[in-house]
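I have placed the structure first, in the form of structure tokens, so that the comments after it can refer back to it.
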Amino acid sequence: MHAKDLIPIPRLLSARNVLVIFPHPDDAELAAGGTIALLAKNGASVTYVCATDGSLGSLDPAIAPELIAQIRKKELEAAAEVLGVKEIIWLGYRDGYAPEPPEMRPKMVSIIRKVQPDFVITLDPWLAYEAHPDHRKVSMAAVEACMYASFNHAYPEDRERGLGPWSVTGVALGFTPAPNTFVDVGPTWDTKIQAILCHKSQFPEHIWSQVSPYMHLKAQEYGKEIGKEFAEPFKVLSLMHLHVNIDAWRS
Ligand SMILES: [Zn+2]
């Protein structure tokens with residue numbers, strides 16, 4: 001027995017109330033769409049928190065950023081419906097300009113304390129070579145918020161809103177280079193693809209024809225880890241792993 005075995009990795013598929021926090025309108029579907037669909041199908045309540053408006057997401061200079069944001073809002077609403085997501089909370093930051101984590105953190109803490117999820121799904125903030133600051137900042141703010149939400153005296157203004165401290169059972173980090181959990185998404189693979197394709201503005205044919213083969217092959221590679229056709233990978237950690245835990249990187 002190793003010391004690290006004393007702090008078990010929580011089981012993502014046992015989640016009943018899930019909060020998904022992500023930077024842009026298509027990130028949740030790409031990183032975790034199959035898992036989200038599976039959780040919702042199994043009766044879990046799933047709430048989205050989309051940090052930015054997606055207004056940088058167009059290669060066409062003739063389309064105004066405000067219009068892109070409107071289009072992408074509708075696209076995410078459609079994708080969320082396909083996956084069985086209950087609600088979308090928009091933080092409304094401008095795409096590409098998400099603020100530093102301490103500015104976003106209190107909003108996320110309040111949401112966590114209100115929704116009281118057992119699991120938060122976000123992206124891996126420790127993904128090396130991630131150049132997009134929204135991805136780095138939003139995912140870091142999300143894991144920080146999981147910790148702060150549990151502190152009695154952090155953001156005491158929440159108490160006036162009737163919100164008490166809340167401890168999540170686990171966080172699941174998608175787009176991770178160090179997965180410890182592979183979810184069999186064979187049964188919901190088509191639903192994931194359907195949800196991704198709701199983002200029509202992001203995946204016109206010439207882009208989808210490049211993205212799709214890569215995504216399929218990656219999912220098949222991850223599937224081999226568990227002897228299934230397709231899998232989505234996550235680094236799943238408990239709150240105990242997220243602070244001064246020298247085994248977290250290899251847990
Ligand atoms: Zn993104």
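Ligands are numbered from 1 in the order shown, residues from 1 within each chain, and chains are lettered A, B, ... in the order they appear in the structure tokens.
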Show me which residues are within 8 Å of ligand 1 counting only C-alpha atoms and all ligand atoms, and format the list as a PyMOL selection string.
chain A and resi 22-27+132+134-135
Please identify the alpha helix (DSSP H) residues within range 37-154 of chain A (assignment by DSSP from backbone atoms) and present them as a ChimeraX atom specification.
/A:37-41,65-83,101-115,133-150
Identify, on the basis of only C-alpha atoms, every residue whose closest approach to Val183 in chain A does not exceed 6 Å; exclude the query and any residue fewer than 2 positions from it along the same chain; express the result as an mmCIF file with all heavy atoms, in the first residue's frame.
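Saved result, part.cif, follows:
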data_model
loop_
_atom_site.group_PDB
_atom_site.id
_atom_site.type_symbol
_atom_site.label_atom_id
_atom_site.label_comp_id
_atom_site.auth_asym_id
_atom_site.auth_seq_id
_atom_site.Cartn_x
_atom_site.Cartn_y
_atom_site.Cartn_z
ATOM 1 N N VAL A 185 -17.518 6.354 -23.712
ATOM 2 C CA VAL A 185 -18.561 7.202 -24.298
ATOM 3 C C VAL A 185 -19.110 6.606 -25.598
ATOM 4 O O VAL A 185 -19.736 7.319 -26.390
ATOM 5 C CB VAL A 185 -18.057 8.658 -24.529
ATOM 6 C CG1 VAL A 185 -17.847 9.359 -23.196
ATOM 7 C CG2 VAL A 185 -16.787 8.693 -25.361
ATOM 8 N N ALA A 231 -13.394 6.618 -25.752
ATOM 9 C CA ALA A 231 -13.403 7.096 -24.362
ATOM 10 C C ALA A 231 -13.026 8.568 -24.324
ATOM 11 O O ALA A 231 -12.338 9.082 -25.221
ATOM 12 C CB ALA A 231 -12.445 6.287 -23.496
ATOM 13 N N GLU A 232 -13.497 9.248 -23.286
ATOM 14 C CA GLU A 232 -13.056 10.617 -22.989
ATOM 15 C C GLU A 232 -12.165 10.559 -21.739
ATOM 16 O O GLU A 232 -12.538 9.928 -20.750
ATOM 17 C CB GLU A 232 -14.269 11.534 -22.722
ATOM 18 C CG GLU A 232 -14.918 12.032 -23.988
ATOM 19 C CD GLU A 232 -16.173 12.858 -23.754
ATOM 20 O OE1 GLU A 232 -16.696 12.876 -22.623
ATOM 21 O OE2 GLU A 232 -16.644 13.468 -24.721
#
Rank A:Gly84, A:Pro117, A:Gly223, A:Gly54 by their smallest atom-to-atom distance to Ser201 in chain A, using only C-alpha atoms, and report the top residue only.
A:Gly54
May I have the residues within 12 Å of Ala3 in chain A as a list in words, using only C-alpha atoms and disregarding those fewer than 3 positions away in the same chain?
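Once the nearby chain positions are removed, what remains is Leu6, Ile7, Pro8, Asn245, Ile246, Asp247, Ala248 and Ser251 of chain A.
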Just-selected residues, N, CA and C atoms written as a PDB file, in the first residue's frame:
ATOM      1  N   LEU A   6      -4.376   6.237   0.196  1.00  0.00           N
ATOM      2  CA  LEU A   6      -5.261   6.641   1.296  1.00  0.00           C
ATOM      3  C   LEU A   6      -6.224   7.748   0.871  1.00  0.00           C
ATOM      4  N   ILE A   7      -5.878   8.420  -0.248  1.00  0.00           N
ATOM      5  CA  ILE A   7      -6.763   9.481  -0.758  1.00  0.00           C
ATOM      6  C   ILE A   7      -7.273   9.025  -2.120  1.00  0.00           C
ATOM      7  N   PRO A   8      -8.434   8.389  -2.140  1.00  0.00           N
ATOM      8  CA  PRO A   8      -8.900   7.782  -3.387  1.00  0.00           C
ATOM      9  C   PRO A   8      -9.344   8.819  -4.435  1.00  0.00           C
ATOM     10  N   ASN A 245      -0.457  18.442  -2.076  1.00  0.00           N
ATOM     11  CA  ASN A 245      -0.490  16.986  -2.221  1.00  0.00           C
ATOM     12  C   ASN A 245       0.558  16.587  -3.256  1.00  0.00           C
ATOM     13  N   ILE A 246       1.667  16.056  -2.786  1.00  0.00           N
ATOM     14  CA  ILE A 246       2.775  15.799  -3.695  1.00  0.00           C
ATOM     15  C   ILE A 246       2.532  14.595  -4.598  1.00  0.00           C
ATOM     16  N   ASP A 247       1.459  13.864  -4.351  1.00  0.00           N
ATOM     17  CA  ASP A 247       1.136  12.714  -5.204  1.00  0.00           C
ATOM     18  C   ASP A 247       0.110  13.043  -6.281  1.00  0.00           C
ATOM     19  N   ALA A 248      -0.461  14.265  -6.217  1.00  0.00           N
ATOM     20  CA  ALA A 248      -1.569  14.565  -7.122  1.00  0.00           C
ATOM     21  C   ALA A 248      -1.164  14.385  -8.587  1.00  0.00           C
ATOM     22  N   SER A 251      -1.436  10.777  -9.392  1.00  0.00           N
ATOM     23  CA  SER A 251      -2.605  10.050  -8.883  1.00  0.00           C
ATOM     24  C   SER A 251      -3.579   9.784 -10.023  1.00  0.00           C
TER      25      SER A 251
END
Name the closest residue to Val82 in chain A among the candidates A:Ile36, A:Cys50, A:Met108, A:Ala142; distances are taken between atoms, counting only C-alpha atoms.
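Among the listed residues, A:Ile36 lies closest to Val82 in chain A.
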Need to verify the contact set: Phe151 in chain A, 9 Å, only C-alpha atoms, exclusion of same-chain residues closer than 6 positions in sequence. Can you return it as a PDB file with N, CA and C atoms, in the first residue's frame?
ATOM      1  N   PRO A 165     -20.787  27.516   2.907  1.00  0.00           N
ATOM      2  CA  PRO A 165     -19.670  26.818   2.275  1.00  0.00           C
ATOM      3  C   PRO A 165     -20.117  25.492   1.660  1.00  0.00           C
ATOM      4  N   TRP A 166     -19.437  25.104   0.605  1.00  0.00           N
ATOM      5  CA  TRP A 166     -19.782  23.857  -0.082  1.00  0.00           C
ATOM      6  C   TRP A 166     -18.508  23.167  -0.558  1.00  0.00           C
ATOM      7  N   SER A 167     -18.406  21.880  -0.269  1.00  0.00           N
ATOM      8  CA  SER A 167     -17.244  21.101  -0.715  1.00  0.00           C
ATOM      9  C   SER A 167     -17.651  20.136  -1.816  1.00  0.00           C
TER      10      SER A 167
END
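Distance check against Ser212 in chain A using only C-alpha atoms: of A:Val46, A:Leu30, A:Pro177, A:Asp118, the minimum falls on A:Leu30.
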Taking only C-alpha atoms into account, which of A:His241, A:Leu197, A:Ala154, A:Phe182 comes nearest Ile226 in chain A?
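Using only C-alpha atoms, the shortest distance to Ile226 in chain A belongs to A:Phe182.
Take the candidates A:Lys137, A:Lys192, A:Arg16, A:His243 and check each one against Thr122 in chain A using only C-alpha atoms; the shortest distance goes to A:Lys137.
Of note, CA of His2 in chain A and CA of Val171 in chain A are spaced 22.2 Å apart.
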Counting only C-alpha atoms, what is within 8 Å of Leu163 in chain A, bar same-chain residues fewer than 4 positions away, as number ranges by chain?
A: 110, 113-114, 158-159
File of the preceding selection, N, CA and C atoms, as a short mmCIF file (atom, residue, chain, number, x, y, z; two decimals), in the first residue's frame:
data_model
loop_
_atom_site.label_atom_id
_atom_site.label_comp_id
_atom_site.auth_asym_id
_atom_site.auth_seq_id
_atom_site.Cartn_x
_atom_site.Cartn_y
_atom_site.Cartn_z
N SER A 110 -19.68 31.65 -5.70
CA SER A 110 -21.13 31.82 -5.43
C SER A 110 -21.96 30.79 -6.19
N ARG A 113 -21.56 27.43 -4.56
CA ARG A 113 -22.31 27.35 -3.30
C ARG A 113 -23.82 27.30 -3.55
N LYS A 114 -24.26 27.89 -4.66
CA LYS A 114 -25.69 27.88 -4.95
C LYS A 114 -26.11 26.54 -5.57
N ASP A 158 -21.31 36.03 0.55
CA ASP A 158 -22.23 34.97 0.12
C ASP A 158 -23.23 34.62 1.23
N ARG A 159 -22.77 34.76 2.48
CA ARG A 159 -23.64 34.39 3.61
C ARG A 159 -24.91 35.24 3.62
#
Write out as a Markdown table the residues of range 140-178 of chain A that have any atom within 7 Å of an atom of range 85-105 of chain A, one row each with the nearest atom pair and its distance in Å to one decimal, counting only C-alpha atoms, sorted by chain and then rising number.
| residue | atom | partner | partner_atom | distance |
| --- | --- | --- | --- | --- |
| A:Met140 | CA | A:Pro101 | CA | 6.5 |
| A:Ala141 | CA | A:Pro101 | CA | 4.4 |
| A:Glu144 | CA | A:Arg105 | CA | 7.0 |
| A:Ala145 | CA | A:Arg105 | CA | 5.4 |
Long-range neighbours of range 60-75 of chain A as a VMD selection string, 8 Å cut-off, only C-alpha atoms, 2 positions minimum in chain
chain A and resid 25 53 to 58 77 to 79 198 to 201
Could you please take those selected residues and save C-alpha atoms as a short mmCIF file (atom, residue, chain, number, x, y, z; two decimals), in the first residue's frame?
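What landed in selection37.cif:
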data_model
loop_
_atom_site.label_atom_id
_atom_site.label_comp_id
_atom_site.auth_asym_id
_atom_site.auth_seq_id
_atom_site.Cartn_x
_atom_site.Cartn_y
_atom_site.Cartn_z
CA PRO A 25 -19.24 28.07 -26.07
CA ASP A 53 -19.20 35.23 -25.15
CA GLY A 54 -17.22 33.52 -27.92
CA SER A 55 -17.10 36.77 -29.92
CA LEU A 56 -13.61 36.11 -31.34
CA GLY A 57 -14.77 32.87 -32.90
CA SER A 58 -15.01 33.77 -36.56
CA GLU A 77 -28.19 26.55 -26.17
CA ALA A 78 -28.86 23.99 -28.92
CA ALA A 79 -25.84 21.86 -27.94
CA CYS A 198 -24.63 22.53 -33.20
CA HIS A 199 -21.67 24.93 -33.26
CA LYS A 200 -22.11 25.46 -36.99
CA SER A 201 -20.14 28.72 -36.97
#
Among range 8-230 of chain A, which residues does DSSP mark as strand (DSSP E or B) when it is run on the backbone? Keep the chain and numbering as in the structure and answer as a count of residues only.
35
In Å and to one decimal, CA of Tyr155 in chain A is distant from CA of Ala51 in chain A by 19.8 Å
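With CA of Leu12 in chain A on one side and CA of Gly162 in chain A on the other, the separation reads 28.3 Å.
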